[in-house]
Every structure is written in C-alpha cells, then in structure tokens.
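Here is run-v7.txt, consisting of compact mmCIF, C-alpha atoms and all ligand atoms:
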# COMPACT_ATOMS: atom_id res chain seq x y z
CA MET F 6 136.67 87.00 128.90
CA PRO F 7 137.78 88.42 132.25
CA ALA F 8 137.81 85.84 135.01
CA GLN F 9 135.52 87.93 137.20
CA GLN F 10 132.69 89.68 135.41
CA PRO F 11 130.92 92.26 137.53
CA PRO F 12 127.37 91.34 138.54
CA ALA F 13 124.68 92.61 136.18
CA ILE F 14 123.34 94.86 138.93
CA HIS F 15 124.95 95.97 142.15
CA VAL F 16 123.07 98.20 144.57
CA GLU F 17 124.45 99.43 147.85
CA GLY F 18 123.05 101.76 150.48
CA LEU F 19 120.46 103.28 148.18
CA GLU F 20 118.40 106.02 149.79
CA LYS F 21 115.59 108.13 148.36
CA SER F 22 113.03 110.49 149.75
CA TYR F 23 110.29 112.46 148.04
CA LYS F 24 110.23 115.61 150.15
CA ASP F 25 109.17 114.39 153.61
CA LEU F 26 108.42 110.88 152.49
CA THR F 27 111.38 108.55 152.91
CA VAL F 28 110.95 105.63 150.54
CA LEU F 29 114.35 103.90 150.42
CA ARG F 30 116.41 103.74 153.62
CA GLY F 31 119.49 101.87 152.47
CA VAL F 32 118.71 99.24 149.87
CA ASP F 33 121.34 96.62 149.01
CA PHE F 34 121.19 93.77 146.53
CA GLU F 35 123.05 92.16 143.70
CA VAL F 36 121.83 90.44 140.55
CA GLU F 37 123.92 87.81 138.82
CA ARG F 38 124.30 87.89 135.07
CA GLY F 39 121.71 85.87 133.20
CA SER F 40 119.48 85.40 136.21
CA ILE F 41 115.93 86.45 137.00
CA PHE F 42 115.68 88.59 140.11
CA ALA F 43 112.36 89.53 141.66
CA LEU F 44 111.98 92.62 143.78
CA LEU F 45 108.91 91.83 145.77
CA GLY F 46 106.96 94.34 147.79
CA SER F 47 103.51 95.68 148.54
CA ASN F 48 102.01 98.60 146.70
CA GLY F 49 103.99 101.73 147.59
CA ALA F 50 107.01 99.82 148.92
CA GLY F 51 109.34 101.67 146.55
CA LYS F 52 109.84 99.12 143.76
CA THR F 53 109.30 101.58 140.92
CA THR F 54 111.57 104.05 142.68
CA VAL F 55 114.37 101.46 142.63
CA VAL F 56 113.76 100.69 138.97
CA LYS F 57 113.74 104.38 138.07
CA ILE F 58 117.06 104.91 139.84
CA LEU F 59 118.59 101.88 138.12
CA SER F 60 117.40 103.05 134.72
CA THR F 61 118.76 106.59 135.35
CA LEU F 62 115.33 108.23 135.30
CA LEU F 63 115.70 109.33 138.91
CA LYS F 64 118.67 110.27 141.08
CA ALA F 65 119.23 108.58 144.43
CA ASP F 66 119.91 110.74 147.50
CA ALA F 67 122.65 108.39 148.68
CA GLY F 68 124.25 105.07 147.87
CA THR F 69 125.62 103.55 144.70
CA ALA F 70 124.14 101.51 141.90
CA ARG F 71 125.95 99.87 139.03
CA VAL F 72 124.25 98.28 136.04
CA ASN F 73 126.26 96.16 133.61
CA GLY F 74 129.35 97.49 135.38
CA PHE F 75 128.41 101.17 134.88
CA ASP F 76 127.61 103.66 137.60
CA VAL F 77 124.08 105.03 137.22
CA SER F 78 125.03 108.54 138.28
CA THR F 79 128.39 109.02 136.52
CA GLN F 80 127.94 106.72 133.49
CA ALA F 81 124.26 107.20 132.77
CA ALA F 82 124.62 106.98 129.00
CA ASP F 83 126.40 103.61 129.23
CA VAL F 84 123.73 102.35 131.60
CA ARG F 85 120.98 103.40 129.19
CA GLU F 86 122.69 101.52 126.37
CA SER F 87 122.79 98.41 128.52
CA ILE F 88 119.15 98.26 129.53
CA SER F 89 115.57 98.30 128.47
CA LEU F 90 112.67 99.23 130.64
CA THR F 91 109.10 98.03 130.35
CA GLY F 92 106.72 99.93 132.53
CA GLN F 93 103.51 98.92 134.13
CA PHE F 94 101.40 100.09 131.22
CA ALA F 95 101.96 98.78 127.73
CA ALA F 96 103.36 101.40 125.37
CA VAL F 97 102.24 99.99 122.05
CA ASP F 98 100.44 101.70 119.20
CA GLU F 99 96.86 100.43 118.99
CA ILE F 100 96.26 101.24 115.35
CA LEU F 101 99.29 99.41 114.05
CA SER F 102 99.65 95.65 113.92
CA GLY F 103 102.04 93.92 116.29
CA ARG F 104 104.48 93.40 113.45
CA GLU F 105 104.25 97.05 112.38
CA ASN F 106 104.91 98.17 115.95
CA LEU F 107 108.07 96.08 116.04
CA ILE F 108 109.26 97.27 112.64
CA LEU F 109 108.66 100.86 113.68
CA VAL F 110 110.81 100.52 116.78
CA ALA F 111 113.55 98.69 114.84
CA ARG F 112 113.60 101.57 112.33
CA LEU F 113 113.69 104.18 115.08
CA ARG F 114 116.66 102.38 116.56
CA ARG F 115 118.29 102.25 113.11
CA LEU F 116 118.72 98.49 113.26
CA ASP F 117 119.50 96.52 110.10
CA ALA F 118 116.74 94.37 108.61
CA PRO F 119 113.77 95.60 110.69
CA GLU F 120 111.35 93.08 109.11
CA LYS F 121 113.57 90.15 109.95
CA ILE F 122 114.02 91.34 113.53
CA ALA F 123 110.27 91.85 113.86
CA ASP F 124 109.52 88.33 112.63
CA GLU F 125 112.07 86.79 114.96
CA LEU F 126 110.64 88.60 117.97
CA LEU F 127 107.08 87.67 117.01
CA GLU F 128 108.16 84.05 116.91
CA ARG F 129 110.00 84.23 120.22
CA PHE F 130 106.91 85.57 121.94
CA SER F 131 104.42 83.30 120.16
CA LEU F 132 102.85 86.20 118.31
CA THR F 133 103.51 85.02 114.77
CA ASP F 134 99.86 84.10 114.11
CA THR F 135 98.53 87.39 115.41
CA GLY F 136 101.41 89.56 114.21
CA SER F 137 99.45 91.10 111.35
CA ARG F 138 96.41 91.97 113.48
CA ARG F 139 95.85 95.42 114.89
CA VAL F 140 97.01 95.70 118.48
CA SER F 141 93.57 97.05 119.43
CA THR F 142 92.29 93.49 119.01
CA TYR F 143 94.95 91.93 121.27
CA SER F 144 94.34 90.48 124.72
CA GLY F 145 96.12 91.99 127.71
CA GLY F 146 98.67 89.19 127.72
CA MET F 147 99.43 89.56 124.01
CA ARG F 148 99.90 93.28 124.43
CA ARG F 149 102.29 92.88 127.30
CA ARG F 150 104.29 90.26 125.41
CA LEU F 151 104.50 92.61 122.45
CA ASP F 152 105.65 95.34 124.79
CA ILE F 153 108.39 93.10 126.18
CA ALA F 154 109.37 92.07 122.65
CA MET F 155 109.67 95.74 121.70
CA SER F 156 111.89 96.44 124.65
CA LEU F 157 114.27 93.70 123.49
CA MET F 158 115.19 95.48 120.29
CA GLY F 159 118.94 95.69 120.07
CA ASP F 160 119.42 92.89 122.61
CA PRO F 161 120.13 94.81 125.82
CA PRO F 162 121.96 92.67 128.41
CA VAL F 163 119.73 93.85 131.26
CA ILE F 164 115.98 94.25 131.22
CA PHE F 165 113.74 95.82 133.83
CA LEU F 166 110.13 94.74 133.97
CA ASP F 167 108.15 96.86 136.37
CA GLU F 168 105.09 94.85 137.41
CA PRO F 169 104.84 93.06 134.07
CA THR F 170 101.60 91.28 134.91
CA THR F 171 99.70 93.70 137.13
CA GLY F 172 96.14 93.93 135.88
CA LEU F 173 96.36 90.84 133.71
CA ASP F 174 94.06 87.87 134.04
CA PRO F 175 95.63 84.58 135.16
CA GLU F 176 95.90 83.16 131.65
CA ALA F 177 97.59 86.27 130.32
CA ARG F 178 99.91 86.23 133.30
CA ILE F 179 101.10 82.74 132.42
CA GLU F 180 101.72 83.88 128.83
CA VAL F 181 103.92 86.70 130.07
CA TRP F 182 105.76 84.35 132.41
CA GLU F 183 106.62 82.16 129.45
CA GLY F 184 108.03 85.19 127.66
CA VAL F 185 110.15 86.14 130.65
CA LYS F 186 111.49 82.59 131.01
CA GLN F 187 112.51 82.68 127.35
CA LEU F 188 114.47 85.86 127.98
CA ALA F 189 116.53 84.43 130.78
CA LYS F 190 117.23 81.28 128.79
CA ARG F 191 119.02 83.42 126.24
CA GLY F 192 121.25 84.98 128.87
CA THR F 193 119.46 88.28 129.42
CA THR F 194 119.46 89.45 133.03
CA VAL F 195 115.93 90.23 134.18
CA LEU F 196 114.99 92.37 137.14
CA LEU F 197 111.27 92.28 137.66
CA THR F 198 109.17 93.91 140.31
CA THR F 199 105.99 92.33 141.48
CA GLN F 200 103.40 92.36 144.21
CA TYR F 201 102.49 88.80 143.34
CA LEU F 202 104.16 86.21 145.47
CA GLU F 203 103.32 83.49 143.01
CA GLU F 204 105.03 85.40 140.22
CA ALA F 205 108.28 85.58 142.16
CA GLU F 206 107.88 81.94 143.07
CA GLN F 207 107.37 80.90 139.44
CA LEU F 208 110.04 82.99 137.78
CA ALA F 209 112.81 84.17 140.00
CA ASP F 210 116.20 82.64 140.71
CA ARG F 211 116.50 85.04 143.63
CA ILE F 212 113.93 87.07 145.47
CA SER F 213 114.36 90.18 147.60
CA ILE F 214 111.55 91.55 149.71
CA LEU F 215 111.48 95.35 149.93
CA HIS F 216 109.67 96.53 153.01
CA GLU F 217 109.72 99.86 154.84
CA GLY F 218 112.63 101.09 152.78
CA ARG F 219 114.95 98.13 153.13
CA ILE F 220 115.53 94.67 151.75
CA ILE F 221 114.39 92.56 154.65
CA VAL F 222 115.03 89.18 153.09
CA ASN F 223 117.05 88.06 150.11
CA GLY F 224 117.66 84.59 148.79
CA THR F 225 116.52 81.78 146.57
CA LEU F 226 113.04 80.45 147.08
CA ALA F 227 114.54 77.43 148.84
CA GLU F 228 116.49 79.71 151.17
CA LEU F 229 113.44 81.81 151.94
CA ARG F 230 111.48 78.68 152.72
CA GLN F 231 114.11 77.69 155.26
CA LEU F 232 113.22 80.79 157.26
CA LEU F 233 110.19 78.87 158.39
CA PRO F 234 110.08 75.31 159.58
CA PRO F 235 108.07 72.98 157.39
CA ALA F 236 104.50 72.83 158.57
CA LYS F 237 103.32 69.65 160.17
CA VAL F 238 99.69 68.76 159.81
CA GLU F 239 99.05 65.32 161.19
CA TYR F 240 101.00 63.01 158.89
CA VAL F 241 101.29 65.49 156.06
CA GLU F 242 104.38 67.63 155.86
CA LYS F 243 104.14 70.75 153.78
CA GLN F 244 106.82 73.25 152.78
CA PRO F 245 105.90 76.87 153.55
CA THR F 246 104.93 78.81 150.45
CA LEU F 247 106.59 82.10 149.61
CA GLU F 248 103.37 83.69 150.80
CA ASP F 249 103.86 82.19 154.26
CA VAL F 250 107.43 83.49 154.37
CA PHE F 251 106.43 86.92 153.08
CA PHE F 252 103.78 87.52 155.69
CA ALA F 253 105.94 86.08 158.43
CA VAL F 254 108.88 88.36 157.69
CA ILE F 255 106.90 91.53 157.17
CA ASN F 256 104.98 90.90 160.37
CA ASN F 257 108.08 89.98 162.33
CA GLY F 258 108.79 92.32 165.20
CA LYS F 259 105.26 93.64 165.14
CA ASN F 260 102.69 92.75 167.77
CA ASP F 261 101.59 89.89 165.64
CA ALA F 262 103.75 87.15 167.03
CA ALA F 263 100.89 84.70 167.19
CA LYS F 264 100.30 85.09 163.50
CA VAL F 265 103.98 84.59 162.71
CA SER F 266 104.32 81.46 164.73
CA SER F 267 101.25 79.97 163.19
CA VAL F 268 102.32 80.77 159.67
CA GLY F 269 103.05 77.68 157.69
CA THR F 270 100.79 75.47 159.70
CA THR F 271 97.76 76.16 157.63
CA ASN F 272 96.99 73.33 155.35
CA LYS F 273 96.49 75.40 152.22
CA GLU F 274 95.40 73.85 148.99
CA GLN F 275 98.33 73.48 146.65
N1 LIG F 301 107.30 111.55 142.30
C1 LIG F 301 106.84 111.26 143.53
N2 LIG F 301 106.57 112.25 144.40
C2 LIG F 301 106.13 111.97 145.64
N3 LIG F 301 105.92 110.72 146.11
C3 LIG F 301 106.16 109.70 145.27
C4 LIG F 301 106.63 109.91 143.94
N4 LIG F 301 106.78 108.71 143.35
C5 LIG F 301 106.43 107.79 144.27
N5 LIG F 301 106.05 108.37 145.42
C6 LIG F 301 105.62 107.68 146.64
O1 LIG F 301 106.71 106.87 147.07
C7 LIG F 301 106.26 105.63 147.56
C8 LIG F 301 106.89 104.49 146.76
O2 LIG F 301 106.41 104.55 145.43
P1 LIG F 301 106.79 103.50 144.32
O3 LIG F 301 108.26 103.44 144.20
O4 LIG F 301 106.03 103.85 143.11
O5 LIG F 301 106.26 102.14 144.98
P2 LIG F 301 105.85 100.74 144.30
O6 LIG F 301 106.36 100.76 142.90
O7 LIG F 301 106.51 99.69 145.16
O8 LIG F 301 104.37 100.66 144.38
C9 LIG F 301 104.74 105.66 147.47
O9 LIG F 301 104.25 106.05 148.71
C10 LIG F 301 104.48 106.72 146.43
O10 LIG F 301 103.25 107.34 146.64
MG MG F 302 105.38 100.51 141.07
Translate the structure of the given file into structure tokens.
Ligand SMILES: Nc1ncnc2c1ncn2[C@@H]1O[C@H](COP(=O)(O)OP(=O)(O)O)[C@@H](O)[C@H]1O
Ligand SMILES: [Mg+2]
Amino acid sequence: MPAQQPPAIHVEGLEKSYKDLTVLRGVDFEVERGSIFALLGSNGAGKTTVVKILSTLLKADAGTARVNGFDVSTQAADVRESISLTGQFAAVDEILSGRENLILVARLRRLDAPEKIADELLERFSLTDTGSRRVSTYSGGMRRRLDIAMSLMGDPPVIFLDEPTTGLDPEARIEVWEGVKQLAKRGTTVLLTTQYLEEAEQLADRISILHEGRIIVNGTLAELRQLLPPAKVEYVEKQPTLEDVFFAVINNGKNDAAKVSSVGTTNKEQ
C-alpha cells in the first residue's frame, strides 16, 4: 500500500452558476478515506450541485474535484466506477419485494451470486424479515435503507447520500442513521448532505457548512463547538449545540450581532 493514499474526495475552488444564478463561489474541502463527511446547508445552498459535480452528472465552471484519486472532469469513467449515488427520492420498484429489487440490481450489474449478495445486504440493513414483502408495503425508513443497500452493490469505495432522511419521520431517520453508521464501519467513505443539524451531529466525523456559495466552517463537531464559548447559565455549564454554531456562523457579519452573542446562552432542553 502506498504510504500516502490520496483523500477519498478533494475539492478545490469549485465554482458553478446556473445562468445568472451563482451557486458555488469557490468551494474547498477534503474527505478522508473511511470517514463520514456532512455537507450541511439550508435549502438551496448548493449541496446537490456539489454532489452532482462530484458524481460527474454536472460540470463545474471552475476549480478541481478528485474522487478516489480521479479527476471528475478528465477521468469521469473512473470516478463513476468508484462511487454510488443515492438521491433524495428512493428509486426502488414498488411492485417487487425488497429482495427482488436487490437481485435485479445485482443481475443488471452482472455480479456473481445475486441471491447471496441480496441476502447479505438485507441482513446488513436489518431488512431480512421484510425482504420478501412488496416494497409498496414498506415504511419510509425501510425504503430508504433498501435504496442505500441497492447503491452498495459492487462495494463502491465512496458513497454520496443526498439528503438521505429528508421527509422521513424521526423513527425512520434513526433507522437510516444506523445504516449509514454501518457503512462507515466497513471502511466506505460517506459524503452526505443534510439540512438537519442533528443528523450531522449524530453521524459525521467532519462537518462543513455551505453558505452563500462557500464553505464557511469546516471541522469536527468538537472543533465547531469551540467557535462558541460554552454557555453559562447560573451553575450549569452547557456546550453549544451544532445548531447554536450553525446559526451563529451564518448570521456572523450580518446586522444580527446581538443574536450571535447570545447564541449558546439559551438553556435548551437536551
Ligand atoms: N438546473 C438548474 N437550473 C437553474 N437553477 C438551478 C438548477 N439546479 C439548481 N438550481 C438552483 O441552484 C441553487 C442551489 O440548488 P441545489 O444545489 O439543489 O441546493 P440544495 O441541494 O442545497 O438545496 C438553488 O437556488 C436552485 O434553485
Ligand atoms: Mg438538494
């Protein structure tokens, strides 16, 4: 093994506009192999745009991006072989059972022993009991887990999950989180986008906040927390939540200084 493996994802100076609308103004970040990275941003911040560029579905106007060591613009085919992409809306066949969906994809990908692969994936995502049921009877969380399982066919080293839990109820969200944690345990690199602060807090080794076209903060949750002093409420000391940090940094520099300085002092329920 080479002493220095390239990072799973390296993004530098990425820019993208849709006609007059400038979405990315120079985005930089890096994702270590085998880690979970959360790209956090409000609706419309440009998260899907980043994911589309990284998965070669869209060309950047400027900047470079490398995935699994391959350049997205000059080595697109190699990038595509290295990744899987799960979009915001589950792409599973309703009429088939979960197991049949998995077998179908394994066959399409010409993998050996499709049944065996299907059963292993069902087990990994706790879908063994419901594997033979039609997908139309699945809950939102089960569907999304099946979708993630399908995207793992062929064991890609890098997986993109674009808002994997948007629209799911809290219970289903936790189910999906478990699935994502399992992925990273096995060494897969996960880049997920989310608008949910708690999701980034629960899952990610590193978090980057995308705001107005740039990464405005990047670090571990502990590092992000250090951006704000711990809140002091009488005798109780409380660490700022990611939510506190998020709103403080996106409001920073705006005429909302009072809000920023008070962030973290609220004695929120844990
Ligand atoms: N194909 C497109 N043509 C024009 N505008 C687009 C297109 N795709 C996205 N946008 C706009 O770009 C901005 C960023 O979109 P997107 O990357 O989907 O954000 P996010 O995923 O963070 O919600 C939004 O304002 C969106 O409306
Ligand atoms: Mg999006």
Practice item. Compute the set of protein, DNA and RNA residues whose minimum atom distance to ligand MG 302 (chain F) is at most 7 Å, using all atoms listed in the file, and state it as a list in words. Key: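 Within the 7 Å cut-off, the matching residues are Asn48, Gly49, Gly51, Lys52, Thr53, Asp167 and Glu168 of chain F.
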Exercise for review: Please write out the residues within 12 Å of ligand LIG 301 (chain F) as number ranges by chain, counting only C-alpha atoms and all ligand atoms.
Suggested key: F: 20-30, 44-58, 62-64, 92-93, 166-169, 171, 197-201, 214-219
Output of the above residues as a PDB file, in the coordinates of the input, restricted to C-alpha atoms:
ATOM      1  CA  GLU F  20     118.400 106.020 149.790  1.00  0.00           C
ATOM      2  CA  LYS F  21     115.590 108.130 148.360  1.00  0.00           C
ATOM      3  CA  SER F  22     113.030 110.490 149.750  1.00  0.00           C
ATOM      4  CA  TYR F  23     110.290 112.460 148.040  1.00  0.00           C
ATOM      5  CA  LYS F  24     110.230 115.610 150.150  1.00  0.00           C
ATOM      6  CA  ASP F  25     109.170 114.390 153.610  1.00  0.00           C
ATOM      7  CA  LEU F  26     108.420 110.880 152.490  1.00  0.00           C
ATOM      8  CA  THR F  27     111.380 108.550 152.910  1.00  0.00           C
ATOM      9  CA  VAL F  28     110.950 105.630 150.540  1.00  0.00           C
ATOM     10  CA  LEU F  29     114.350 103.900 150.420  1.00  0.00           C
ATOM     11  CA  ARG F  30     116.410 103.740 153.620  1.00  0.00           C
ATOM     12  CA  LEU F  44     111.980  92.620 143.780  1.00  0.00           C
ATOM     13  CA  LEU F  45     108.910  91.830 145.770  1.00  0.00           C
ATOM     14  CA  GLY F  46     106.960  94.340 147.790  1.00  0.00           C
ATOM     15  CA  SER F  47     103.510  95.680 148.540  1.00  0.00           C
ATOM     16  CA  ASN F  48     102.010  98.600 146.700  1.00  0.00           C
ATOM     17  CA  GLY F  49     103.990 101.730 147.590  1.00  0.00           C
ATOM     18  CA  ALA F  50     107.010  99.820 148.920  1.00  0.00           C
ATOM     19  CA  GLY F  51     109.340 101.670 146.550  1.00  0.00           C
ATOM     20  CA  LYS F  52     109.840  99.120 143.760  1.00  0.00           C
ATOM     21  CA  THR F  53     109.300 101.580 140.920  1.00  0.00           C
ATOM     22  CA  THR F  54     111.570 104.050 142.680  1.00  0.00           C
ATOM     23  CA  VAL F  55     114.370 101.460 142.630  1.00  0.00           C
ATOM     24  CA  VAL F  56     113.760 100.690 138.970  1.00  0.00           C
ATOM     25  CA  LYS F  57     113.740 104.380 138.070  1.00  0.00           C
ATOM     26  CA  ILE F  58     117.060 104.910 139.840  1.00  0.00           C
ATOM     27  CA  LEU F  62     115.330 108.230 135.300  1.00  0.00           C
ATOM     28  CA  LEU F  63     115.700 109.330 138.910  1.00  0.00           C
ATOM     29  CA  LYS F  64     118.670 110.270 141.080  1.00  0.00           C
ATOM     30  CA  GLY F  92     106.720  99.930 132.530  1.00  0.00           C
ATOM     31  CA  GLN F  93     103.510  98.920 134.130  1.00  0.00           C
ATOM     32  CA  LEU F 166     110.130  94.740 133.970  1.00  0.00           C
ATOM     33  CA  ASP F 167     108.150  96.860 136.370  1.00  0.00           C
ATOM     34  CA  GLU F 168     105.090  94.850 137.410  1.00  0.00           C
ATOM     35  CA  PRO F 169     104.840  93.060 134.070  1.00  0.00           C
ATOM     36  CA  THR F 171      99.700  93.700 137.130  1.00  0.00           C
ATOM     37  CA  LEU F 197     111.270  92.280 137.660  1.00  0.00           C
ATOM     38  CA  THR F 198     109.170  93.910 140.310  1.00  0.00           C
ATOM     39  CA  THR F 199     105.990  92.330 141.480  1.00  0.00           C
ATOM     40  CA  GLN F 200     103.400  92.360 144.210  1.00  0.00           C
ATOM     41  CA  TYR F 201     102.490  88.800 143.340  1.00  0.00           C
ATOM     42  CA  ILE F 214     111.550  91.550 149.710  1.00  0.00           C
ATOM     43  CA  LEU F 215     111.480  95.350 149.930  1.00  0.00           C
ATOM     44  CA  HIS F 216     109.670  96.530 153.010  1.00  0.00           C
ATOM     45  CA  GLU F 217     109.720  99.860 154.840  1.00  0.00           C
ATOM     46  CA  GLY F 218     112.630 101.090 152.780  1.00  0.00           C
ATOM     47  CA  ARG F 219     114.950  98.130 153.130  1.00  0.00           C
TER      48      ARG F 219
END
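The nearest approach to Thr170 of chain F among the residues F:Asp124, F:Asp117, F:Glu86, F:Glu203, with all atoms listed in the file taken into account, belongs to F:Glu203.
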Exercise for review: Using atom CA of Leu229 of chain F and atom CA of Leu247 of chain F as the two end points, give the distance in Å to one decimal.
Suggested key: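 Taking atom CA of Leu229 of chain F as the start and atom CA of Leu247 of chain F as the end point, the length is 7.2 Å.
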Check your understanding: Hey, what's within 8 Å of Leu59 of chain F if we count all atoms listed in the file and toss same-chain stuff fewer than 5 positions away? As number ranges by chain, please?
Key -> F: 70-72, 77
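Note that the spacing between atom CA of Asp174 of chain F and atom CA of Tyr143 of chain F amounts to 13.4 Å.
Take the candidates F:Arg104, F:Asp134, F:Glu35, F:Asp66 and check each one against Lys121 of chain F using all atoms listed in the file; the shortest distance goes to F:Arg104.
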Revision key, fill the gap. Expressed in Å, the length from atom CA of Val16 of chain F to atom CA of Phe34 of chain F is 5.2 Å
Practice item. Could you tell me which of F:Gly74, F:Gly103, F:Pro119, F:Pro161 comes closest to Thr133 of chain F if we count only C-alpha atoms? Key: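 Among F:Gly74, F:Gly103, F:Pro119, F:Pro161, it is F:Gly103 that comes nearest to Thr133 of chain F.
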Mind running segment 34-95 of chain F against segment 189-194 of chain F at 6 Å and telling me each contacting residue's nearest atom pair with the distance in Å (one decimal), counting only C-alpha atoms, chain and number ascending, as CSV?
residue,atom,partner,partner_atom,distance
F:Arg38,CA,F:Thr194,CA,5.5
F:Gly39,CA,F:Thr194,CA,4.2
F:Ser40,CA,F:Thr194,CA,5.1
Check your understanding: With all atoms listed in the file as the basis for distance, which of F:Ile14, F:Val97, F:Glu120, F:Leu208 is at the shortest distance from Val185 of chain F?
Key ->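 Checking each of F:Ile14, F:Val97, F:Glu120, F:Leu208 against Val185 of chain F, counting all atoms listed in the file, the winner is F:Leu208.
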Practice item. Extract, using only C-alpha atoms, all DNA, RNA and protein residues at most 7 Å from Arg211 of chain F, discarding same-chain residues fewer than 6 positions from it, and format them as a PyMOL selection string. Key: chain F and resi 41-43+224-226
